[in-house]
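Listing of final07.txt, compact mmCIF, C-alpha atoms and all ligand atoms
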# COMPACT_ATOMS: atom_id res chain seq x y z
CA MET N 747 -53.82 30.07 29.99
CA PRO N 748 -50.96 31.59 28.04
CA VAL N 749 -49.95 35.16 28.86
CA SER N 750 -52.07 37.44 26.63
CA GLU N 751 -50.59 39.47 23.75
CA LYS N 752 -51.57 42.63 25.61
CA HIS N 753 -49.64 41.61 28.71
CA LEU N 754 -46.62 40.47 26.68
CA GLU N 755 -46.53 43.91 25.03
CA TYR N 756 -46.75 45.51 28.49
CA MET N 757 -43.90 43.27 29.68
CA LYS N 758 -41.62 44.26 26.78
CA GLU N 759 -42.37 47.94 27.40
CA LYS N 760 -41.59 47.62 31.10
CA ILE N 761 -38.34 45.76 30.48
CA ALA N 762 -37.19 48.39 27.97
CA GLU N 763 -38.21 51.16 30.38
CA LEU N 764 -36.23 49.60 33.24
CA CYS N 765 -33.19 48.89 31.05
CA ARG N 766 -33.00 52.57 30.11
CA ILE N 767 -32.83 53.81 33.72
CA PRO N 768 -29.19 53.85 34.88
CA SER N 769 -28.93 51.75 38.05
CA PRO N 770 -25.49 50.33 38.78
CA THR N 771 -25.31 48.60 42.18
CA GLY N 772 -25.71 51.20 44.94
CA PHE N 773 -27.05 53.87 42.57
CA THR N 774 -30.65 52.77 42.30
CA ARG N 775 -32.67 55.70 43.67
CA GLU N 776 -34.30 56.60 40.38
CA ILE N 777 -35.34 53.05 39.53
CA GLN N 778 -36.67 52.51 43.09
CA LYS N 779 -38.80 55.62 42.64
CA ARG N 780 -40.05 54.37 39.25
CA LEU N 781 -41.04 51.03 40.77
CA LEU N 782 -42.88 52.70 43.66
CA ASP N 783 -44.78 54.87 41.16
CA THR N 784 -45.58 51.85 39.00
CA PHE N 785 -46.97 49.79 41.88
CA GLU N 786 -48.83 52.76 43.30
CA GLY N 787 -50.42 53.12 39.86
CA LEU N 788 -51.42 49.45 40.03
CA ARG N 789 -52.83 50.06 43.54
CA TYR N 790 -50.50 47.79 45.54
CA ARG N 791 -48.88 48.51 48.88
CA ALA N 792 -45.15 49.04 48.21
CA TRP N 793 -42.27 50.33 50.32
CA THR N 794 -38.50 50.73 50.22
CA THR N 795 -36.05 49.28 52.72
CA ARG N 796 -33.10 51.15 54.22
CA LYS N 797 -30.63 49.54 51.86
CA GLY N 798 -32.73 50.29 48.85
CA SER N 799 -34.87 47.26 48.04
CA VAL N 800 -38.49 47.73 47.00
CA VAL N 801 -41.04 45.37 48.57
CA VAL N 802 -44.57 44.95 47.20
CA GLN N 803 -47.41 43.11 48.92
CA LEU N 804 -49.64 41.39 46.37
CA ASN N 805 -52.40 40.29 48.74
CA GLU N 806 -53.41 39.72 52.34
CA ARG N 807 -53.62 36.39 54.05
CA ASP N 808 -57.23 35.79 54.93
CA GLY N 809 -59.60 32.86 55.17
CA GLU N 810 -59.93 32.52 51.45
CA ILE N 811 -56.24 32.25 50.63
CA GLY N 812 -54.96 28.71 50.33
CA PRO N 813 -52.81 27.03 52.94
CA LYS N 814 -49.55 27.19 50.98
CA GLU N 815 -46.40 28.89 52.26
CA THR N 816 -46.18 32.67 52.20
CA THR N 817 -43.80 33.48 49.39
CA ILE N 818 -41.63 36.28 48.05
CA LEU N 819 -40.61 36.50 44.40
CA SER N 820 -37.37 38.44 43.97
CA ALA N 821 -35.60 40.12 41.08
CA HIS N 822 -32.69 42.53 41.27
CA ILE N 823 -32.80 46.05 39.87
CA ASP N 824 -29.11 46.82 40.29
CA THR N 825 -26.78 46.23 37.37
CA LEU N 826 -23.13 46.14 36.47
CA GLY N 827 -21.45 49.53 36.24
CA ALA N 828 -18.34 51.37 37.38
CA ILE N 829 -17.12 54.18 39.59
CA VAL N 830 -14.56 56.88 38.86
CA ARG N 831 -11.39 55.72 40.59
CA ALA N 832 -9.27 58.72 39.63
CA ILE N 833 -9.07 61.62 37.21
CA LYS N 834 -5.91 61.25 35.14
CA SER N 835 -3.55 64.09 34.34
CA ASN N 836 -4.50 63.86 30.63
CA GLY N 837 -8.19 64.53 31.35
CA ARG N 838 -9.27 60.91 31.01
CA LEU N 839 -10.86 58.88 33.84
CA ARG N 840 -9.63 55.69 35.46
CA LEU N 841 -12.52 53.47 36.50
CA THR N 842 -13.12 50.71 38.99
CA PRO N 843 -15.71 48.06 38.05
CA VAL N 844 -18.89 47.50 40.09
CA GLY N 845 -19.95 43.85 39.80
CA GLY N 846 -18.14 41.04 38.01
CA TYR N 847 -17.28 41.29 34.31
CA PRO N 848 -14.24 41.31 32.04
CA LEU N 849 -13.32 44.82 30.89
CA THR N 850 -13.40 43.59 27.28
CA ASN N 851 -17.21 43.57 27.65
CA ILE N 852 -17.36 47.37 28.01
CA ILE N 853 -14.58 48.59 25.73
CA THR N 854 -16.00 51.02 23.10
CA GLU N 855 -19.28 51.37 25.04
CA ASN N 856 -20.86 54.78 25.54
CA CYS N 857 -21.36 55.75 29.16
CA LEU N 858 -22.62 58.44 31.52
CA ILE N 859 -20.72 59.87 34.47
CA HIS N 860 -23.18 60.84 37.21
CA THR N 861 -21.89 63.87 39.13
CA TYR N 862 -22.68 64.44 42.80
CA ASP N 863 -24.92 67.35 41.90
CA GLY N 864 -27.15 65.11 39.81
CA ARG N 865 -25.94 65.82 36.25
CA ALA N 866 -24.88 63.23 33.70
CA ILE N 867 -21.87 63.80 31.44
CA SER N 868 -21.34 61.48 28.48
CA GLY N 869 -18.21 59.68 27.43
CA THR N 870 -16.86 56.48 25.88
CA ILE N 871 -14.95 53.62 27.46
CA GLN N 872 -11.85 52.97 25.38
CA GLN N 873 -8.53 51.24 25.59
CA CYS N 874 -5.78 53.80 26.25
CA HIS N 875 -4.22 52.42 23.05
CA SER N 876 -7.43 52.49 21.02
CA SER N 877 -6.48 53.30 17.43
CA THR N 878 -5.25 50.45 15.21
CA HIS N 879 -3.56 53.05 13.00
CA VAL N 880 -1.35 54.14 15.84
CA TYR N 881 -0.74 51.28 18.29
CA LYS N 882 0.58 47.78 17.50
CA ASP N 883 -0.71 46.30 20.78
CA VAL N 884 -4.46 47.07 20.46
CA ASN N 885 -5.23 43.33 20.45
CA SER N 886 -2.51 41.99 22.67
CA VAL N 887 -2.51 44.49 25.53
CA GLU N 888 -3.97 43.12 28.76
CA LYS N 889 -7.27 44.82 29.60
CA THR N 890 -6.98 46.30 33.10
CA ASP N 891 -8.05 49.54 34.75
CA GLU N 892 -4.60 50.82 33.79
CA THR N 893 -5.08 50.16 30.07
CA VAL N 894 -8.78 51.08 29.80
CA GLU N 895 -10.12 54.58 30.41
CA VAL N 896 -13.13 56.85 30.00
CA VAL N 897 -12.82 59.51 27.30
CA LEU N 898 -15.21 62.35 28.09
CA ASP N 899 -17.26 64.04 25.36
CA GLU N 900 -15.81 67.38 26.50
CA ARG N 901 -12.80 69.44 25.40
CA VAL N 902 -10.63 68.58 28.38
CA GLU N 903 -6.93 67.78 28.53
CA SER N 904 -6.09 68.11 32.20
CA LYS N 905 -7.31 67.00 35.60
CA LYS N 906 -8.21 70.60 36.43
CA GLU N 907 -10.49 70.93 33.42
CA VAL N 908 -12.29 67.69 34.33
CA GLU N 909 -12.75 68.84 37.92
CA ALA N 910 -14.19 72.10 36.58
CA LEU N 911 -16.95 70.01 34.95
CA GLY N 912 -17.93 68.77 38.40
CA ILE N 913 -16.57 65.23 37.93
CA GLU N 914 -15.01 63.74 41.06
CA THR N 915 -13.64 60.46 42.35
CA GLY N 916 -16.53 58.24 43.47
CA ASN N 917 -18.93 59.36 40.73
CA TYR N 918 -20.95 56.46 39.31
CA ILE N 919 -20.53 55.43 35.68
CA SER N 920 -23.43 53.73 33.87
CA PHE N 921 -23.19 51.97 30.50
CA ASP N 922 -25.41 52.66 27.50
CA PRO N 923 -27.86 49.72 27.60
CA ARG N 924 -28.51 49.90 23.81
CA THR N 925 -31.99 48.45 24.30
CA ILE N 926 -33.49 47.13 21.06
CA LEU N 927 -36.76 45.24 20.56
CA THR N 928 -36.67 43.30 17.28
CA GLU N 929 -39.59 42.30 15.06
CA ARG N 930 -38.95 38.62 15.77
CA GLY N 931 -39.46 38.95 19.51
CA PHE N 932 -35.87 39.35 20.67
CA ILE N 933 -34.83 41.92 23.25
CA LYS N 934 -31.19 42.97 23.05
CA SER N 935 -29.81 45.12 25.83
CA ARG N 936 -27.31 45.38 28.59
CA HIS N 937 -28.74 44.64 32.02
CA LEU N 938 -31.45 42.15 31.00
CA ASP N 939 -29.83 40.53 34.04
CA ASP N 940 -32.05 41.14 35.90
CA LYS N 941 -34.37 43.76 34.47
CA ALA N 942 -36.00 41.13 32.26
CA SER N 943 -37.15 39.36 35.45
CA ALA N 944 -38.13 42.64 37.13
CA GLY N 945 -40.32 43.34 34.08
CA ILE N 946 -41.89 39.89 34.42
CA LEU N 947 -42.74 40.53 38.09
CA ILE N 948 -44.32 43.90 37.29
CA THR N 949 -46.38 42.22 34.56
CA LEU N 950 -47.47 39.51 36.99
CA ALA N 951 -48.82 42.22 39.31
CA LYS N 952 -50.50 43.91 36.34
CA ILE N 953 -52.19 40.63 35.30
CA LEU N 954 -53.39 40.13 38.88
CA ARG N 955 -54.87 43.60 38.92
CA ASP N 956 -56.43 43.34 35.45
CA GLU N 957 -57.94 39.93 36.12
CA GLY N 958 -59.02 40.79 39.64
CA TYR N 959 -57.33 37.83 41.31
CA PRO N 960 -56.51 39.51 44.65
CA GLU N 961 -60.07 40.69 45.14
CA GLN N 962 -61.34 37.19 44.50
CA ALA N 963 -58.54 35.80 46.67
CA LEU N 964 -57.62 33.36 43.92
CA LEU N 965 -53.94 33.25 44.77
CA ASN N 966 -53.11 30.01 46.57
CA ARG N 967 -50.88 31.81 49.08
CA LYS N 968 -49.86 35.17 50.45
CA ALA N 969 -47.26 36.69 48.15
CA TYR N 970 -44.79 39.56 48.06
CA LEU N 971 -42.42 40.87 45.41
CA LEU N 972 -38.88 41.95 46.28
CA PHE N 973 -36.73 44.13 44.02
CA THR N 974 -33.20 44.16 45.40
CA ASN N 975 -30.23 46.46 45.18
CA TYR N 976 -26.67 45.03 45.72
CA GLU N 977 -27.32 41.63 44.10
CA GLU N 978 -24.38 42.06 41.73
CA VAL N 979 -22.05 42.34 44.72
CA GLY N 980 -23.59 39.39 46.54
CA HIS N 981 -25.79 40.65 49.38
CA GLY N 982 -28.96 41.90 47.66
CA GLY N 983 -31.49 39.51 49.21
CA SER N 984 -29.86 39.45 52.64
CA ALA N 985 -32.32 42.00 54.05
CA GLY N 986 -35.79 43.37 53.51
CA ILE N 987 -37.70 40.08 53.48
CA PRO N 988 -40.90 40.39 55.58
CA GLU N 989 -40.94 38.25 58.73
CA ASP N 990 -43.85 36.03 57.66
CA VAL N 991 -42.17 34.86 54.43
CA GLU N 992 -41.58 31.09 54.29
CA GLU N 993 -40.38 30.68 50.71
CA ILE N 994 -38.24 32.73 48.34
CA LEU N 995 -38.32 32.25 44.62
CA ALA N 996 -35.45 34.18 43.08
CA VAL N 997 -36.28 35.16 39.50
CA ASP N 998 -33.00 35.83 37.79
CA MET N 999 -31.58 35.24 34.34
CA GLY N 1000 -31.04 31.71 33.11
CA ALA N 1001 -27.48 31.18 31.85
CA VAL N 1002 -27.07 30.06 28.23
CA GLY N 1003 -24.10 28.25 26.67
CA ASP N 1004 -21.79 25.21 26.77
CA ASP N 1005 -23.63 22.15 28.10
CA LEU N 1006 -26.57 24.07 29.60
CA GLY N 1007 -30.08 23.18 28.42
CA THR N 1008 -31.52 26.66 28.77
CA ASP N 1009 -31.84 28.93 25.76
CA GLU N 1010 -33.50 32.31 25.17
CA TYR N 1011 -36.90 30.69 24.56
CA LYS N 1012 -37.05 28.68 27.78
CA VAL N 1013 -37.64 29.22 31.46
CA SER N 1014 -34.65 27.91 33.35
CA ILE N 1015 -35.06 26.06 36.65
CA CYS N 1016 -31.80 25.93 38.57
CA MET N 1017 -31.06 22.87 40.71
CA LYS N 1018 -27.61 23.96 41.88
CA ASP N 1019 -25.30 26.96 41.53
CA SER N 1020 -21.93 27.98 43.00
CA ASN N 1021 -23.44 28.04 46.48
CA GLY N 1022 -24.80 24.50 46.27
CA PRO N 1023 -28.18 22.90 45.66
CA TYR N 1024 -31.52 24.71 45.86
CA ASP N 1025 -34.39 23.37 47.97
CA TYR N 1026 -35.15 19.98 46.43
CA ALA N 1027 -38.87 19.77 47.20
CA LEU N 1028 -39.60 23.30 45.95
CA THR N 1029 -37.47 22.86 42.83
CA ARG N 1030 -39.14 19.49 42.10
CA MET N 1031 -42.53 21.16 42.48
CA LEU N 1032 -41.55 23.86 39.96
CA ILE N 1033 -40.37 21.18 37.52
CA ASP N 1034 -43.71 19.37 37.94
CA LEU N 1035 -45.62 22.59 37.32
CA ALA N 1036 -43.56 23.28 34.18
CA LYS N 1037 -44.37 19.76 32.94
CA THR N 1038 -48.08 20.04 33.72
CA GLU N 1039 -48.29 23.43 32.02
CA LYS N 1040 -46.30 22.03 29.04
CA LEU N 1041 -43.86 24.93 29.29
CA ASN N 1042 -40.64 25.10 27.33
CA TYR N 1043 -38.18 24.72 30.21
CA ALA N 1044 -34.79 23.30 31.19
CA VAL N 1045 -33.28 22.25 34.50
CA ASP N 1046 -29.70 23.43 34.79
CA ILE N 1047 -26.65 23.53 37.03
CA TYR N 1048 -24.86 26.89 37.04
CA PRO N 1049 -21.15 26.57 37.78
CA MET N 1050 -20.47 30.31 38.25
CA TYR N 1051 -23.61 31.87 39.62
CA GLY N 1052 -25.12 33.18 42.85
CA SER N 1053 -28.61 34.55 43.54
CA ASP N 1054 -30.64 36.59 45.98
CA ALA N 1055 -32.02 33.32 47.37
CA GLY N 1056 -28.46 32.43 48.40
CA ALA N 1057 -28.02 35.89 49.96
CA ALA N 1058 -31.26 35.39 51.95
CA LEU N 1059 -30.04 32.02 53.20
CA ARG N 1060 -26.64 33.35 54.23
CA SER N 1061 -28.38 36.08 56.24
CA GLY N 1062 -29.77 33.30 58.43
CA LYS N 1063 -33.31 32.99 57.06
CA ASP N 1064 -35.02 29.64 57.67
CA ILE N 1065 -36.94 29.51 54.40
CA ARG N 1066 -37.31 27.30 51.36
CA PHE N 1067 -35.57 28.67 48.28
CA ALA N 1068 -35.49 28.19 44.53
CA LEU N 1069 -34.23 29.93 41.41
CA ILE N 1070 -35.88 30.26 38.02
CA GLY N 1071 -35.58 32.77 35.19
CA PRO N 1072 -35.70 33.47 31.46
CA GLY N 1073 -32.72 32.37 29.38
CA VAL N 1074 -30.40 35.32 28.70
CA SER N 1075 -27.45 34.83 26.36
CA SER N 1076 -24.08 36.64 26.56
CA SER N 1077 -24.78 37.50 30.20
CA HIS N 1078 -22.83 40.38 31.74
CA GLY N 1079 -22.11 41.53 28.19
CA TYR N 1080 -24.50 42.76 25.50
CA GLU N 1081 -27.30 40.41 26.44
CA ARG N 1082 -30.25 38.96 24.53
CA THR N 1083 -33.46 37.17 25.40
CA HIS N 1084 -36.72 36.35 23.62
CA ILE N 1085 -40.35 36.99 24.43
CA ASP N 1086 -40.94 33.20 24.56
CA GLY N 1087 -38.49 32.79 27.45
CA LEU N 1088 -40.13 35.71 29.27
CA SER N 1089 -43.59 34.28 28.65
CA ASN N 1090 -42.62 30.77 29.87
CA THR N 1091 -41.16 32.29 33.04
CA CYS N 1092 -44.25 34.40 33.72
CA ARG N 1093 -46.47 31.39 33.10
CA LEU N 1094 -44.51 29.26 35.60
CA LEU N 1095 -44.82 31.99 38.25
CA MET N 1096 -48.56 32.25 37.63
CA SER N 1097 -48.92 28.51 38.00
CA TYR N 1098 -46.88 28.57 41.25
CA LEU N 1099 -49.21 31.24 42.64
CA GLY N 1100 -52.27 29.26 41.60
CA MET N 1101 -53.41 31.72 38.94
CA PRO N 1102 -55.54 30.17 36.22
ZN ZN L 1201 -28.67 38.59 38.03
Encoded form (structure tokens):
Amino acid sequence: MPVSEKHLEYMKEKIAELCRIPSPTGFTREIQKRLLDTFEGLRYRAWTTRKGSVVVQLNERDGEIGPKETTILSAHIDTLGAIVRAIKSNGRLRLTPVGGYPLTNIITENCLIHTYDGRAISGTIQQCHSSTHVYKDVNSVEKTDETVEVVLDERVESKKEVEALGIETGNYISFDPRTILTERGFIKSRHLDDKASAGILITLAKILRDEGYPEQALLNRKAYLLFTNYEEVGHGGSAGIPEDVEEILAVDMGAVGDDLGTDEYKVSICMKDSNGPYDYALTRMLIDLAKTEKLNYAVDIYPMYGSDAGAALRSGKDIRFALIGPGVSSSHGYERTHIDGLSNTCRLLMSYLGMP
């Protein structure tokens, strides 16, 4: 069965809601809390781990659940961001990036500086030489943390004045996600990597609850959800996976561009990324399911990509592992996906879990 209109609307709402909560890697308290509230509302058992992942148990293993491997579906809730490296003598801030992206992707973006006492002060990320009416090298200057700065929306001209606002070295900086849902089914936003997938997983749990699958024990296996922190710096999925898990299915954005087959309308199934090949049998099974369900999908090789499945493996877990996700274009920039890609991904997960 296709995902219903009602659940697709719910999914879009959840993705937009998640995108609008600032959560650069390591600064995910608020979004963890929101997830716990959401899953409590849906009446699932959910908990946080010490390093800030949220784990949700979808069902129990009992006589009625099928014999298939206990699985965990993961998505990451941390995003790219920055941290105040230093307050400059002219009242501007020098930043250090959190996660991997070229600084060109954030120049002219609005941002928030999160003070230690819990306030948020707005600003804009600009080149130090920002005005084309003044500087000849606006285009040619190399973009580094020495040539890019945060301009606060405050009347400050000295380090002292900035400190008086309560801004200090080590404060997190989050970027304006500029989340837009268009009439034609596109979602444009920063951080669709990986909040699009997190929204899909929440919707999956909502469908289960609405359709009563857990009560009827219709899932073909015991299943958990894992929402990780620290994925963007490489070790998100390295902890927090319950002991009885035998399979991890990382749900993370599908890369779009060059010779890749994935686009914003497809579910991407990844056979190999920077860390090497994914589990062949599990990946083949997902391809077969996509074929049987007649989903719009592509199998791809990602040359510059790592996932929480890789992090789980490197932590020493003896589990099977695969990676799928909705196609997201312009990743780690101002990203875009489409409801069709989200729907195809959700449908593949449902099929994997044995949901009708
Ligand atoms: Zn990601």
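The smallest atom-to-atom distance between ligand ZN 1201 (chain L) and any of N:Ser868, N:Ser769, N:Asn836, N:Thr825, using all atoms listed in the file, is found for N:Thr825.
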Can you work out which residues are within 6 Å of ligand ZN 1201 (chain L), considering all atoms listed in the file, and then hand them over as a PyMOL selection string? chain N and resi 939-940+998-999
Output C-alpha atoms of each residue in that selection to a file, as a PDB file, in the coordinates of the input.
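Saved file out-v6.pdb follows:
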ATOM      1  CA  ASP N 939     -29.830  40.530  34.040  1.00  0.00           C
ATOM      2  CA  ASP N 940     -32.050  41.140  35.900  1.00  0.00           C
ATOM      3  CA  ASP N 998     -33.000  35.830  37.790  1.00  0.00           C
ATOM      4  CA  MET N 999     -31.580  35.240  34.340  1.00  0.00           C
TER       5      MET N 999
END
Exercise. Would you please work out which residue, of N:Pro1072, N:Ala942, N:Val800, N:Thr1029, is nearest to Phe785 in chain N when using all atoms listed in the file?
Key: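 With all atoms listed in the file as the atom set, the closest residue is N:Val800.
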What lies within 8 Å of Asp824 in chain N using all atoms listed in the file, ignoring chain neighbours under 3 positions off, as an mmCIF file with C-alpha atoms, in the frame of the given file?
data_model
loop_
_atom_site.group_PDB
_atom_site.id
_atom_site.type_symbol
_atom_site.label_atom_id
_atom_site.label_comp_id
_atom_site.auth_asym_id
_atom_site.auth_seq_id
_atom_site.Cartn_x
_atom_site.Cartn_y
_atom_site.Cartn_z
ATOM 1 C CA SER N 769 -28.930 51.750 38.050
ATOM 2 C CA PRO N 770 -25.490 50.330 38.780
ATOM 3 C CA THR N 771 -25.310 48.600 42.180
ATOM 4 C CA GLY N 772 -25.710 51.200 44.940
ATOM 5 C CA PHE N 773 -27.050 53.870 42.570
ATOM 6 C CA THR N 774 -30.650 52.770 42.300
ATOM 7 C CA ASP N 940 -32.050 41.140 35.900
ATOM 8 C CA THR N 974 -33.200 44.160 45.400
ATOM 9 C CA ASN N 975 -30.230 46.460 45.180
ATOM 10 C CA TYR N 976 -26.670 45.030 45.720
ATOM 11 C CA GLU N 977 -27.320 41.630 44.100
ATOM 12 C CA GLU N 978 -24.380 42.060 41.730
#
The residue from N:Val991, N:Thr854, N:Ile829, N:Asn1042 with the smallest atom-to-atom distance to Ser1014 in chain N, counting only C-alpha atoms, is N:Asn1042
Practice problem: Taking the point (-43.4, 43.3, 48.8) as given in the file, collect each protein or nucleic acid residue that comes within 7 Å of it, counting only C-alpha atoms, and present the set as a PyMOL selection string. | Solution: chain N and resi 792+800-804+970-972
